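Since the structure comes first, as structure tokens, the remarks are kept for the end.
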Amino acid sequence: MIQYTLKCEKEHTFDSWFQSSSAFEKLKSAKMVVCSVCGSSNVEKAIMAPRVNKNQKINVKKRKNAAEKAIAELKKHVEQNSDYVGANFAKEARAMYLGDLPERPIYGEAKADEAKSLIDDGIPVTPLPFTPNRKTN
């Protein structure tokens with residue numbers, strides 16, 4: 001795994017992990033690497049600082065900008081007020097829309113084609129600007 005600091009065309013910076021350098025390039029060329037702040041797919045690697053020795057203790061608090069704070073609050077709200085349905089999101093959202101399941105707030109994961117199908121069918125869904133916490137037993 002490799003961590004890159006990335007920067008979009010609007011100068012937003014964020015970090016992301018990739019399996020390898022070639023994996024980053026492949027995802028970038030497919031426009032699957034997007035800015036976590038504005039959603040732009042025009043993203044490049046930013047200049048990165050070298051890693052500090054793990055044995056060296058440094059007390060640095062990372063300050064969040066307004067967008068990061070808003071996303072953190074949204075994530076907290078969604079996780080506290082919705083049911084995580086994981087990869088069953090598209091199936092459950094469709095079943096609720098059709099009246100086969102009682103309506104309730106849910107969040108989870110959907111493949112791009114599943115999300116497009118929901119939107120094309122008029123089912124009200126929206127992508128979240130964060131990765132859901134995967135709940136485990």
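Chain labels follow the order of the structure tokens: the first chain is A, the next B, and so on; residue numbering restarts at 1 in every chain, and ligands are counted from 1 in their shown order.
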### Query
Using only C-alpha atoms, which residues sit within 10 Å of Ser20 (chain A) once same-chain residues fewer than 4 positions away are excluded, as a PyMOL selection string?
chain A and resi 1-3+24-26
### Task
Could you pull out the residues in chain A that DSSP calls strand (DSSP E) from the backbone, as a ChimeraX atom specification?
/A:2-8,13-18,43-45,83-86,106-108
Could the residues in this selection be saved with C-alpha atoms as a tab-separated table (two decimals), in the first residue's frame?
```tsv
chain	number	residue	atom	x	y	z
A	2	ILE	CA	1.10	3.53	-0.72
A	3	GLN	CA	-0.30	6.80	0.59
A	4	TYR	CA	-0.37	9.87	-1.62
A	5	THR	CA	-1.22	13.43	-0.78
A	6	LEU	CA	-3.38	14.61	-3.67
A	7	LYS	CA	-4.47	18.03	-4.90
A	8	CYS	CA	-7.35	18.94	-7.22
A	13	THR	CA	-5.57	18.67	-0.69
A	14	PHE	CA	-6.40	15.25	0.74
A	15	ASP	CA	-4.71	11.91	1.37
A	16	SER	CA	-5.62	8.55	-0.13
A	17	TRP	CA	-4.19	5.03	-0.11
A	18	PHE	CA	-3.52	2.93	-3.22
A	43	VAL	CA	-6.47	15.36	-9.40
A	44	GLU	CA	-2.67	15.24	-9.24
A	45	LYS	CA	-0.13	14.05	-6.69
A	83	ASP	CA	-29.07	1.79	9.34
A	84	TYR	CA	-25.93	0.57	7.58
A	85	VAL	CA	-26.97	-2.02	4.95
A	86	GLY	CA	-23.59	-2.51	3.28
A	106	ILE	CA	-30.33	3.66	5.30
A	107	TYR	CA	-26.81	4.05	3.99
A	108	GLY	CA	-24.38	1.63	2.44
```
### Query
Taking into account only C-alpha atoms, which residue in the set A:Gln19, A:Leu74, A:Asp120, A:Glu11 is nearest to Cys35 (chain A)?
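Answer, going by the shortest atom-to-atom distance: A:Glu11.
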Apply DSSP to the backbone of this structure and, from chain A, keep only the residues in alpha helix (DSSP H); write these as an mmCIF file with N, CA and C atoms, in the first residue's frame.
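Saved to states_29.cif:
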```cif
data_model
loop_
_atom_site.group_PDB
_atom_site.id
_atom_site.type_symbol
_atom_site.label_atom_id
_atom_site.label_comp_id
_atom_site.auth_asym_id
_atom_site.auth_seq_id
_atom_site.Cartn_x
_atom_site.Cartn_y
_atom_site.Cartn_z
ATOM 1 N N SER A 21 1.660 2.367 -7.161
ATOM 2 C CA SER A 21 1.720 3.555 -8.003
ATOM 3 C C SER A 21 0.944 3.338 -9.299
ATOM 4 N N SER A 22 1.067 2.151 -9.873
ATOM 5 C CA SER A 22 0.341 1.858 -11.115
ATOM 6 C C SER A 22 -1.161 1.796 -10.877
ATOM 7 N N ALA A 23 -1.574 1.342 -9.693
ATOM 8 C CA ALA A 23 -3.009 1.314 -9.368
ATOM 9 C C ALA A 23 -3.553 2.742 -9.319
ATOM 10 N N PHE A 24 -2.774 3.677 -8.726
ATOM 11 C CA PHE A 24 -3.179 5.076 -8.707
ATOM 12 C C PHE A 24 -3.355 5.599 -10.125
ATOM 13 N N GLU A 25 -2.363 5.349 -10.983
ATOM 14 C CA GLU A 25 -2.426 5.848 -12.360
ATOM 15 C C GLU A 25 -3.632 5.281 -13.108
ATOM 16 N N LYS A 26 -3.900 4.003 -12.909
ATOM 17 C CA LYS A 26 -5.036 3.349 -13.578
ATOM 18 C C LYS A 26 -6.358 3.968 -13.117
ATOM 19 N N LEU A 27 -6.521 4.143 -11.807
ATOM 20 C CA LEU A 27 -7.744 4.740 -11.274
ATOM 21 C C LEU A 27 -7.883 6.198 -11.701
ATOM 22 N N LYS A 28 -6.760 6.924 -11.730
ATOM 23 C CA LYS A 28 -6.792 8.327 -12.143
ATOM 24 C C LYS A 28 -7.216 8.451 -13.598
ATOM 25 N N SER A 29 -6.673 7.599 -14.460
ATOM 26 C CA SER A 29 -7.021 7.672 -15.888
ATOM 27 C C SER A 29 -8.478 7.293 -16.136
ATOM 28 N N ALA A 66 -13.201 24.007 7.062
ATOM 29 C CA ALA A 66 -14.659 24.033 7.207
ATOM 30 C C ALA A 66 -15.328 22.863 6.493
ATOM 31 N N ALA A 67 -14.843 22.509 5.306
ATOM 32 C CA ALA A 67 -15.445 21.404 4.560
ATOM 33 C C ALA A 67 -15.225 20.082 5.288
ATOM 34 N N GLU A 68 -14.019 19.867 5.817
ATOM 35 C CA GLU A 68 -13.738 18.629 6.554
ATOM 36 C C GLU A 68 -14.599 18.532 7.807
ATOM 37 N N LYS A 69 -14.803 19.655 8.486
ATOM 38 C CA LYS A 69 -15.654 19.659 9.675
ATOM 39 C C LYS A 69 -17.100 19.329 9.305
ATOM 40 N N ALA A 70 -17.588 19.917 8.221
ATOM 41 C CA ALA A 70 -18.965 19.669 7.789
ATOM 42 C C ALA A 70 -19.160 18.206 7.395
ATOM 43 N N ILE A 71 -18.189 17.629 6.705
ATOM 44 C CA ILE A 71 -18.277 16.223 6.314
ATOM 45 C C ILE A 71 -18.252 15.319 7.541
ATOM 46 N N ALA A 72 -17.410 15.648 8.522
ATOM 47 C CA ALA A 72 -17.350 14.856 9.754
ATOM 48 C C ALA A 72 -18.686 14.905 10.493
ATOM 49 N N GLU A 73 -19.313 16.085 10.549
ATOM 50 C CA GLU A 73 -20.618 16.214 11.206
ATOM 51 C C GLU A 73 -21.684 15.432 10.441
ATOM 52 N N LEU A 74 -21.653 15.513 9.114
ATOM 53 C CA LEU A 74 -22.618 14.767 8.300
ATOM 54 C C LEU A 74 -22.456 13.267 8.515
ATOM 55 N N LYS A 75 -21.220 12.806 8.533
ATOM 56 C CA LYS A 75 -20.944 11.379 8.744
ATOM 57 C C LYS A 75 -21.500 10.932 10.094
ATOM 58 N N LYS A 76 -21.239 11.717 11.130
ATOM 59 C CA LYS A 76 -21.721 11.389 12.468
ATOM 60 C C LYS A 76 -23.248 11.320 12.472
ATOM 61 N N HIS A 77 -23.901 12.287 11.846
ATOM 62 C CA HIS A 77 -25.369 12.321 11.792
ATOM 63 C C HIS A 77 -25.926 11.100 11.053
ATOM 64 N N VAL A 78 -25.355 10.796 9.896
ATOM 65 C CA VAL A 78 -25.823 9.653 9.107
ATOM 66 C C VAL A 78 -25.648 8.358 9.898
ATOM 67 N N GLU A 79 -24.487 8.171 10.506
ATOM 68 C CA GLU A 79 -24.220 6.933 11.241
ATOM 69 C C GLU A 79 -25.103 6.783 12.473
ATOM 70 N N GLN A 80 -25.474 7.896 13.108
ATOM 71 C CA GLN A 80 -26.314 7.824 14.305
ATOM 72 C C GLN A 80 -27.797 7.688 13.978
ATOM 73 N N ASN A 81 -28.214 8.112 12.785
ATOM 74 C CA ASN A 81 -29.639 8.174 12.468
ATOM 75 C C ASN A 81 -30.071 7.270 11.322
ATOM 76 N N PHE A 89 -27.374 -2.022 -0.304
ATOM 77 C CA PHE A 89 -28.008 -0.707 -0.390
ATOM 78 C C PHE A 89 -28.979 -0.592 -1.561
ATOM 79 N N ALA A 90 -28.551 -0.910 -2.759
ATOM 80 C CA ALA A 90 -29.405 -0.738 -3.940
ATOM 81 C C ALA A 90 -30.669 -1.589 -3.826
ATOM 82 N N LYS A 91 -30.505 -2.817 -3.396
ATOM 83 C CA LYS A 91 -31.647 -3.737 -3.247
ATOM 84 C C LYS A 91 -32.643 -3.201 -2.220
ATOM 85 N N GLU A 92 -32.134 -2.751 -1.079
ATOM 86 C CA GLU A 92 -33.021 -2.255 -0.014
ATOM 87 C C GLU A 92 -33.677 -0.935 -0.414
ATOM 88 N N ALA A 93 -32.934 -0.033 -1.039
ATOM 89 C CA ALA A 93 -33.508 1.251 -1.462
ATOM 90 C C ALA A 93 -34.634 1.013 -2.463
ATOM 91 N N ARG A 94 -34.428 0.120 -3.414
ATOM 92 C CA ARG A 94 -35.460 -0.193 -4.412
ATOM 93 C C ARG A 94 -36.682 -0.826 -3.745
ATOM 94 N N ALA A 95 -36.465 -1.758 -2.819
ATOM 95 C CA ALA A 95 -37.578 -2.429 -2.145
ATOM 96 C C ALA A 95 -38.409 -1.424 -1.327
ATOM 97 N N MET A 96 -37.760 -0.471 -0.680
ATOM 98 C CA MET A 96 -38.492 0.547 0.073
ATOM 99 C C MET A 96 -39.285 1.449 -0.869
ATOM 100 N N TYR A 97 -38.674 1.820 -1.988
ATOM 101 C CA TYR A 97 -39.330 2.680 -2.963
ATOM 102 C C TYR A 97 -40.579 2.006 -3.532
ATOM 103 N N LEU A 98 -40.494 0.700 -3.762
ATOM 104 C CA LEU A 98 -41.621 -0.052 -4.321
ATOM 105 C C LEU A 98 -42.657 -0.446 -3.263
ATOM 106 N N ALA A 112 -21.414 1.434 -9.255
ATOM 107 C CA ALA A 112 -21.800 2.573 -10.096
ATOM 108 C C ALA A 112 -23.034 2.260 -10.933
ATOM 109 N N ASP A 113 -23.099 1.068 -11.519
ATOM 110 C CA ASP A 113 -24.259 0.733 -12.355
ATOM 111 C C ASP A 113 -25.532 0.596 -11.524
ATOM 112 N N GLU A 114 -25.413 0.125 -10.283
ATOM 113 C CA GLU A 114 -26.582 0.022 -9.402
ATOM 114 C C GLU A 114 -27.091 1.410 -9.034
ATOM 115 N N ALA A 115 -26.182 2.311 -8.689
ATOM 116 C CA ALA A 115 -26.565 3.676 -8.328
ATOM 117 C C ALA A 115 -27.210 4.381 -9.515
ATOM 118 N N LYS A 116 -26.652 4.214 -10.695
ATOM 119 C CA LYS A 116 -27.216 4.833 -11.902
ATOM 120 C C LYS A 116 -28.618 4.311 -12.161
ATOM 121 N N SER A 117 -28.830 3.011 -11.985
ATOM 122 C CA SER A 117 -30.151 2.414 -12.192
ATOM 123 C C SER A 117 -31.173 2.988 -11.215
ATOM 124 N N LEU A 118 -30.782 3.158 -9.946
ATOM 125 C CA LEU A 118 -31.682 3.753 -8.961
ATOM 126 C C LEU A 118 -32.066 5.172 -9.379
ATOM 127 N N ILE A 119 -31.082 5.961 -9.773
ATOM 128 C CA ILE A 119 -31.327 7.347 -10.172
ATOM 129 C C ILE A 119 -32.195 7.396 -11.428
ATOM 130 N N ASP A 120 -31.886 6.544 -12.418
ATOM 131 C CA ASP A 120 -32.672 6.501 -13.653
ATOM 132 C C ASP A 120 -34.131 6.136 -13.392
#
```
#### Entry: Interatomic distance (Å, one decimal) between CA of Ser82 (chain A) and CA of Arg104 (chain A)
7.5 Å
#### Entry: Residue among A:Leu101, A:Cys38, A:Ile123, A:Ala30 lying closest to His12 (chain A), counting only C-alpha atoms
A:Cys38
